[in-house]
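Only one structure is covered here, and it is reproduced in the block below.
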Amino acid sequence: MTKILVIDDDTIQRLILRTPLEMDGYEVLEAENGIEALKQLSENPDIRFLVTDLMMPEMDGFKLIDAVRKRAVRYTYIIVMTSMEDRSSLLQALSLGADDYLTKPIMPEELKLRLRSGMRLLKLEGQDELIFSMAKMAEFRSEETGFHLERVYHYCRILARDFAVHYPEYELTPGIADEIATVSPLHDIGKVAIPDHILHKPGRLTPDEWGIMKTHAAIGGNLIREIYDRTGSPWLRFAYEIAMYHHERWDGKGYPGGLAAEDIPVPARIMMLADVYDALTSERCYKPAFSHEKARAILLEENGSHFDPRLIDGFLRQEEQWLAVRNRFQD
């Protein structure tokens, strides 16, 4: 069900809008001002439509539009309500990033038509989702089978949400945390370019073979970067950072760029911890599955060298959730 957030300090106006929208099958949420609206958006990252008044107390519609455009990961379609004679406010709202407008008094049928126009625009964003089929294609060719992608998704989500709570200075909202998890299956997309005799070799790789295997990070990152450059979709930027840099190390001894510490994008730091834990606790052709306790000891040993210490702290805080995911998605 499509969610619509209606923002207006007038209770009657919100009711006038809510009733026909709910009758048309939309799920309607409400807010009295921009501050409440941002809270709703943080708690409900799947809201894709805003219908907002411009003149409101505490935070008006102009500041709200500006904040949404700066913070949103996926595109949010914004319709503003204005009076016919207030053309200057309308122009200001459109310049800040509003998509459409309605003049008061609002006619329900006109609102529904405006929303349908917005729906057509948002469906175009769905083209980005086609690349997720590539993630499964990479997994089918890799030694990582079963529920690997499902586990990694949940590990990333748990870790990113914990990071968002404990390190607000990074401005990693719950919505962004969920997007990082959503694109995590693309981390090894570059393996589609690795020859089978290397990808499926049961024994240890030679130095030359290992050199070829390591190219999958740059191959995957550059592939997604090309799509991101054409579309500008923010969540593809997270996918690019994850695919390109999830084999970097906190101490700078990783690949492909030898990045260290804060130079490594946060989504990639999250992915590297989730991926290593899953590799340790999963059976591979070259090793048995390690117990959680043994994997935990290895992660702690690598704290500050391979991994960001703050993320290790997050892993320890949410350890029971990690165990629940591992037990739920056993191969």
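FYI, nothing fancy with the structure tokens labels: chains A, B, ... in order, residues from 1 per chain, ligands from 1 as they appear.
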What's around range 295-297 of chain A at 10 Å? Count only C-alpha atoms, leave out sequence neighbours fewer than 2 positions away in its own chain, and write the answer as number ranges by chain. A: 276-281, 289-293, 299-303, 312, 315-316, 319
Could you write out that same residue set with C-alpha atoms as a compact mmCIF listing (two decimals), in the first residue's frame?
# COMPACT_ATOMS: atom_id res chain seq x y z
CA VAL A 276 33.92 -11.56 7.03
CA TYR A 277 31.69 -12.81 9.83
CA ASP A 278 29.53 -14.71 7.35
CA ALA A 279 32.58 -16.19 5.64
CA LEU A 280 33.99 -17.34 8.98
CA THR A 281 30.75 -18.96 10.10
CA ALA A 289 32.20 -23.43 9.23
CA PHE A 290 33.61 -21.86 12.38
CA SER A 291 31.52 -21.55 15.51
CA HIS A 292 30.18 -18.15 16.50
CA GLU A 293 32.60 -18.11 19.42
CA LEU A 299 36.88 -10.37 14.84
CA LEU A 300 38.08 -9.08 18.20
CA GLU A 301 41.67 -9.98 17.32
CA GLU A 302 41.33 -7.91 14.14
CA ASN A 303 39.71 -4.96 15.95
CA ILE A 312 33.14 -4.04 16.55
CA PHE A 315 28.65 -6.07 16.81
CA LEU A 316 29.11 -6.80 20.50
CA GLU A 319 25.52 -10.00 19.25
Practice prompt. Write out as a ChimeraX atom specification each polymer residue whose atoms come within 12 Å of Ala164 in chain A, counting only C-alpha atoms; drop sequence neighbours fewer than 2 positions from it.
Written response: /A:42,156-162,166-178,180,266-267,270,310-311,314
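Nearest-residue note for Tyr101 in chain A: choosing from A:Thr11, A:Thr82, A:Ser184, A:Asn33, the minimum distance belongs to A:Thr82, counting only C-alpha atoms.
Running DSSP on the backbone gives strand (DSSP E) for these residues within range 26-83 of chain A: Glu27, Val28, Leu29, Glu30, Ala31, Phe49, Leu50, Val51, Thr52, Asp53, Tyr77, Ile78, Ile79, Val80, Met81 and Thr82 of chain A.
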How would the residues just picked look written out with N, CA, C and O atoms as a JSON list (two decimals), in the first residue's frame?
[["chain", "number", "residue", "atom", "x", "y", "z"],
["A", 27, "GLU", "N", -2.42, 4.62, 2.17],
["A", 27, "GLU", "CA", -2.22, 4.71, 3.62],
["A", 27, "GLU", "C", -1.75, 6.12, 3.94],
["A", 27, "GLU", "O", -0.72, 6.56, 3.42],
["A", 28, "VAL", "N", -2.50, 6.83, 4.76],
["A", 28, "VAL", "CA", -2.23, 8.25, 5.01],
["A", 28, "VAL", "C", -1.68, 8.44, 6.42],
["A", 28, "VAL", "O", -2.26, 7.98, 7.40],
["A", 29, "LEU", "N", -0.53, 9.10, 6.51],
["A", 29, "LEU", "CA", 0.03, 9.52, 7.78],
["A", 29, "LEU", "C", -0.06, 11.03, 7.87],
["A", 29, "LEU", "O", -0.14, 11.71, 6.83],
["A", 30, "GLU", "N", -0.01, 11.57, 9.09],
["A", 30, "GLU", "CA", -0.20, 13.01, 9.26],
["A", 30, "GLU", "C", 0.91, 13.61, 10.12],
["A", 30, "GLU", "O", 1.52, 12.93, 10.94],
["A", 31, "ALA", "N", 1.13, 14.92, 9.88],
["A", 31, "ALA", "CA", 2.05, 15.70, 10.71],
["A", 31, "ALA", "C", 1.55, 17.14, 10.73],
["A", 31, "ALA", "O", 0.96, 17.62, 9.76],
["A", 49, "PHE", "N", 5.56, 9.89, -0.87],
["A", 49, "PHE", "CA", 4.78, 11.06, -1.26],
["A", 49, "PHE", "C", 4.56, 11.98, -0.07],
["A", 49, "PHE", "O", 4.19, 11.52, 1.02],
["A", 50, "LEU", "N", 4.80, 13.27, -0.27],
["A", 50, "LEU", "CA", 4.46, 14.29, 0.71],
["A", 50, "LEU", "C", 3.47, 15.27, 0.09],
["A", 50, "LEU", "O", 3.65, 15.70, -1.06],
["A", 51, "VAL", "N", 2.42, 15.61, 0.84],
["A", 51, "VAL", "CA", 1.51, 16.68, 0.47],
["A", 51, "VAL", "C", 1.57, 17.68, 1.62],
["A", 51, "VAL", "O", 1.14, 17.37, 2.74],
["A", 52, "THR", "N", 2.16, 18.84, 1.38],
["A", 52, "THR", "CA", 2.45, 19.74, 2.48],
["A", 52, "THR", "C", 1.97, 21.17, 2.26],
["A", 52, "THR", "O", 2.03, 21.69, 1.14],
["A", 53, "ASP", "N", 1.49, 21.77, 3.34],
["A", 53, "ASP", "CA", 1.22, 23.20, 3.35],
["A", 53, "ASP", "C", 2.57, 23.91, 3.45],
["A", 53, "ASP", "O", 3.59, 23.30, 3.81],
["A", 77, "TYR", "N", 8.36, 12.27, -3.72],
["A", 77, "TYR", "CA", 7.57, 13.18, -4.56],
["A", 77, "TYR", "C", 6.83, 14.16, -3.64],
["A", 77, "TYR", "O", 6.09, 13.75, -2.75],
["A", 78, "ILE", "N", 7.03, 15.45, -3.86],
["A", 78, "ILE", "CA", 6.50, 16.48, -2.97],
["A", 78, "ILE", "C", 5.48, 17.35, -3.71],
["A", 78, "ILE", "O", 5.80, 17.96, -4.73],
["A", 79, "ILE", "N", 4.28, 17.41, -3.16],
["A", 79, "ILE", "CA", 3.22, 18.28, -3.67],
["A", 79, "ILE", "C", 2.95, 19.34, -2.61],
["A", 79, "ILE", "O", 2.74, 19.00, -1.43],
["A", 80, "VAL", "N", 2.97, 20.61, -2.99],
["A", 80, "VAL", "CA", 2.71, 21.68, -2.04],
["A", 80, "VAL", "C", 1.32, 22.26, -2.26],
["A", 80, "VAL", "O", 0.79, 22.25, -3.38],
["A", 81, "MET", "N", 0.73, 22.75, -1.18],
["A", 81, "MET", "CA", -0.58, 23.40, -1.23],
["A", 81, "MET", "C", -0.38, 24.89, -1.04],
["A", 81, "MET", "O", 0.33, 25.33, -0.12],
["A", 82, "THR", "N", -0.99, 25.68, -1.90],
["A", 82, "THR", "CA", -0.81, 27.12, -1.84],
["A", 82, "THR", "C", -2.06, 27.82, -2.34],
["A", 82, "THR", "O", -2.90, 27.21, -3.02]]
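CA of Asp100 in chain A lies 22.1 Å from CA of Pro57 in chain A.
Straight-line separation from CA of Leu94 in chain A to CA of Gly61 in chain A: 11.2 Å.
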Find the spatial neighbours of Asn222 in chain A, counting only C-alpha atoms, within a cut-off of 10 Å - ignore same-chain residues fewer than 6 positions away - and output them as a short mmCIF file (atom, residue, chain, number, x, y, z; two decimals) with N, CA and C atoms, in the first residue's frame.
data_model
loop_
_atom_site.label_atom_id
_atom_site.label_comp_id
_atom_site.auth_asym_id
_atom_site.auth_seq_id
_atom_site.Cartn_x
_atom_site.Cartn_y
_atom_site.Cartn_z
N GLY A 190 31.16 -8.01 -8.99
CA GLY A 190 32.31 -8.09 -9.88
C GLY A 190 32.80 -9.50 -10.13
N HIS A 216 37.85 -8.32 -8.62
CA HIS A 216 36.38 -8.30 -8.63
C HIS A 216 35.83 -7.06 -7.93
N TYR A 228 25.41 4.65 -11.70
CA TYR A 228 25.18 5.78 -10.80
C TYR A 228 25.44 7.11 -11.51
N TYR A 240 27.84 1.34 -4.94
CA TYR A 240 29.19 1.53 -5.50
C TYR A 240 30.24 1.46 -4.39
N GLU A 241 30.01 2.18 -3.29
CA GLU A 241 30.98 2.20 -2.20
C GLU A 241 31.17 0.80 -1.60
N ALA A 243 30.56 -2.23 -3.14
CA ALA A 243 31.22 -3.14 -4.09
C ALA A 243 32.70 -2.80 -4.24
N MET A 244 33.02 -1.52 -4.32
CA MET A 244 34.40 -1.09 -4.57
C MET A 244 35.30 -1.27 -3.35
#
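Counting from CA of Phe163 in chain A, the distance to CA of Arg237 in chain A is 18.8 Å.
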In terms of only C-alpha atoms, the residue from A:Arg151, A:Arg14, A:Arg230, A:Arg48 at minimal distance from Leu323 in chain A is A:Arg151
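By chain and then residue number, the residues within 8 Å of His246 in chain A are His187, Ala217, Ala268, Arg269, Met271 and Met272 of chain A, counting only C-alpha atoms and disregarding those fewer than 6 positions away in sequence.
Summary of the local environment: counting only C-alpha atoms, residues at most 12 Å from Gln92 in chain A, other than itself and those fewer than 3 positions away along its chain, are Leu54, Gly61, Phe62, Lys63, Ile65, Asp66, Val80, Thr82, Asp86, Arg87, Ser88, Ser89, Ser95, Leu96, Gly97, Ala98, Asp99 and Tyr101 of chain A.
Residues lying within 10 Å of Ala193 in chain A, counting only C-alpha atoms and ignoring same-chain neighbours fewer than 2 positions away, are Ala138, Arg141, Ile189, Gly190, Lys191, Pro195, Asp196, Leu199, Ile212, Met213, Thr215, His216, Ile219 and Gly220 of chain A.
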Residue selection dump (all heavy atoms) as a CSV table (one decimal), in the first residue's frame:
chain,number,residue,atom,x,y,z
A,138,ALA,N,25.7,-13.3,-9.7
A,138,ALA,CA,27.1,-13.4,-9.2
A,138,ALA,C,27.2,-14.4,-8.1
A,138,ALA,O,28.1,-15.2,-8.0
A,138,ALA,CB,27.5,-12.0,-8.6
A,141,ARG,N,27.4,-18.0,-9.4
A,141,ARG,CA,28.8,-18.4,-10.0
A,141,ARG,C,29.8,-18.5,-8.8
A,141,ARG,O,30.9,-19.0,-9.0
A,141,ARG,CB,29.3,-17.3,-10.9
A,141,ARG,CG,28.4,-17.2,-12.2
A,141,ARG,CD,29.2,-16.5,-13.3
A,141,ARG,NE,30.4,-17.2,-13.6
A,141,ARG,CZ,31.7,-16.7,-13.5
A,141,ARG,NH1,31.8,-15.6,-12.9
A,141,ARG,NH2,32.7,-17.5,-13.8
A,189,ILE,N,29.3,-8.3,-7.0
A,189,ILE,CA,28.8,-8.4,-8.4
A,189,ILE,C,30.0,-8.5,-9.3
A,189,ILE,O,29.8,-9.1,-10.4
A,189,ILE,CB,28.0,-7.1,-8.7
A,189,ILE,CG1,27.3,-7.2,-10.0
A,189,ILE,CG2,28.8,-5.8,-8.6
A,189,ILE,CD1,26.3,-8.3,-10.1
A,190,GLY,N,31.2,-8.0,-9.0
A,190,GLY,CA,32.3,-8.1,-9.9
A,190,GLY,C,32.8,-9.5,-10.1
A,190,GLY,O,33.6,-9.7,-11.1
A,191,LYS,N,32.3,-10.5,-9.3
A,191,LYS,CA,32.8,-11.9,-9.5
A,191,LYS,C,32.2,-12.5,-10.8
A,191,LYS,O,32.7,-13.5,-11.3
A,191,LYS,CB,32.4,-12.7,-8.3
A,191,LYS,CG,33.2,-12.5,-7.1
A,191,LYS,CD,32.9,-13.4,-6.0
A,191,LYS,CE,33.8,-13.2,-4.8
A,191,LYS,NZ,33.5,-14.1,-3.7
A,195,PRO,N,37.2,-15.8,-14.0
A,195,PRO,CA,37.1,-17.1,-14.6
A,195,PRO,C,36.7,-18.2,-13.6
A,195,PRO,O,37.1,-18.2,-12.5
A,195,PRO,CB,38.5,-17.3,-15.2
A,195,PRO,CG,39.1,-15.9,-15.3
A,195,PRO,CD,38.5,-15.1,-14.2
A,196,ASP,N,36.0,-19.2,-14.1
A,196,ASP,CA,35.5,-20.2,-13.3
A,196,ASP,C,36.6,-21.0,-12.7
A,196,ASP,O,36.5,-21.5,-11.5
A,196,ASP,CB,34.6,-21.2,-14.1
A,196,ASP,CG,33.2,-20.7,-14.4
A,196,ASP,OD1,32.9,-19.7,-13.6
A,196,ASP,OD2,32.6,-21.2,-15.3
A,199,LEU,N,37.5,-19.0,-9.7
A,199,LEU,CA,36.4,-18.8,-8.8
A,199,LEU,C,36.0,-20.1,-8.0
A,199,LEU,O,35.7,-20.0,-6.8
A,199,LEU,CB,35.2,-18.3,-9.6
A,199,LEU,CG,34.0,-17.6,-8.8
A,199,LEU,CD1,34.5,-16.4,-8.1
A,199,LEU,CD2,32.9,-17.3,-9.7
A,212,ILE,N,44.1,-11.9,-9.8
A,212,ILE,CA,42.9,-11.8,-10.6
A,212,ILE,C,41.7,-11.8,-9.8
A,212,ILE,O,40.7,-11.0,-10.0
A,212,ILE,CB,42.9,-13.0,-11.6
A,212,ILE,CG1,44.1,-12.9,-12.6
A,212,ILE,CG2,41.6,-13.1,-12.4
A,212,ILE,CD1,44.2,-14.1,-13.5
A,213,MET,N,41.6,-12.6,-8.8
A,213,MET,CA,40.4,-12.7,-7.9
A,213,MET,C,40.2,-11.3,-7.2
A,213,MET,O,39.0,-10.8,-7.1
A,213,MET,CB,40.6,-13.7,-6.8
A,213,MET,CG,39.5,-13.8,-5.8
A,213,MET,SD,37.9,-14.3,-6.5
A,213,MET,CE,38.1,-16.1,-6.4
A,215,THR,N,40.6,-8.5,-8.4
A,215,THR,CA,40.0,-7.4,-9.3
A,215,THR,C,38.5,-7.3,-9.2
A,215,THR,O,37.9,-6.4,-9.8
A,215,THR,CB,40.4,-7.7,-10.8
A,215,THR,OG1,39.9,-9.0,-11.2
A,215,THR,CG2,42.0,-7.8,-10.9
A,216,HIS,N,37.8,-8.3,-8.6
A,216,HIS,CA,36.4,-8.3,-8.6
A,216,HIS,C,35.8,-7.1,-7.9
A,216,HIS,O,34.8,-6.6,-8.3
A,216,HIS,CB,35.8,-9.6,-8.0
A,216,HIS,CG,35.8,-9.5,-6.5
A,216,HIS,ND1,36.8,-9.9,-5.7
A,216,HIS,CD2,34.8,-9.2,-5.6
A,216,HIS,CE1,36.5,-9.8,-4.4
A,216,HIS,NE2,35.3,-9.3,-4.3
A,219,ILE,N,36.1,-4.2,-10.4
A,219,ILE,CA,35.2,-4.4,-11.6
A,219,ILE,C,33.7,-4.2,-11.1
A,219,ILE,O,33.0,-3.5,-11.8
A,219,ILE,CB,35.3,-5.9,-12.0
A,219,ILE,CG1,36.7,-6.1,-12.7
A,219,ILE,CG2,34.2,-6.3,-13.0
A,219,ILE,CD1,37.0,-7.6,-13.0
A,220,GLY,N,33.3,-4.7,-10.0
A,220,GLY,CA,32.0,-4.4,-9.5
A,220,GLY,C,31.7,-3.0,-9.2
A,220,GLY,O,30.7,-2.4,-9.5
- Query: Taking the backbone alone, and naming residues the way the document does, which bits of range 111-315 of chain A are alpha helix (DSSP H) by DSSP, as a PyMOL selection string?
  - Reply: chain A and resi 111-125+132-141+148-166+174-183+196-199+207-231+234-245+266-280+292-301+309-315
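The residue that comes closest to Ile298 in chain A, out of A:Leu273, A:Leu149, A:Ala324, A:Val165 and on the basis of only C-alpha atoms, is A:Leu273.
Near Ile198 in chain A, within 10 Å and counting only C-alpha atoms, sit Ile194, Pro195, Lys201, Pro202, Gly203, Arg204, Leu205, Thr206, Glu209, Trp210, Ile212 and Met213 of chain A; same-chain residues fewer than 3 positions away were not included.
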Min atom-atom distance to Asp9 in chain A from the set A:Ala37, A:Gly118, A:Pro234, A:Leu259, counting only C-alpha atoms, belongs to A:Ala37
If you count only C-alpha atoms, the residue of A:Lys3, A:Arg328, A:Lys214, A:His148 closest to Asp275 in chain A turns out to be A:His148
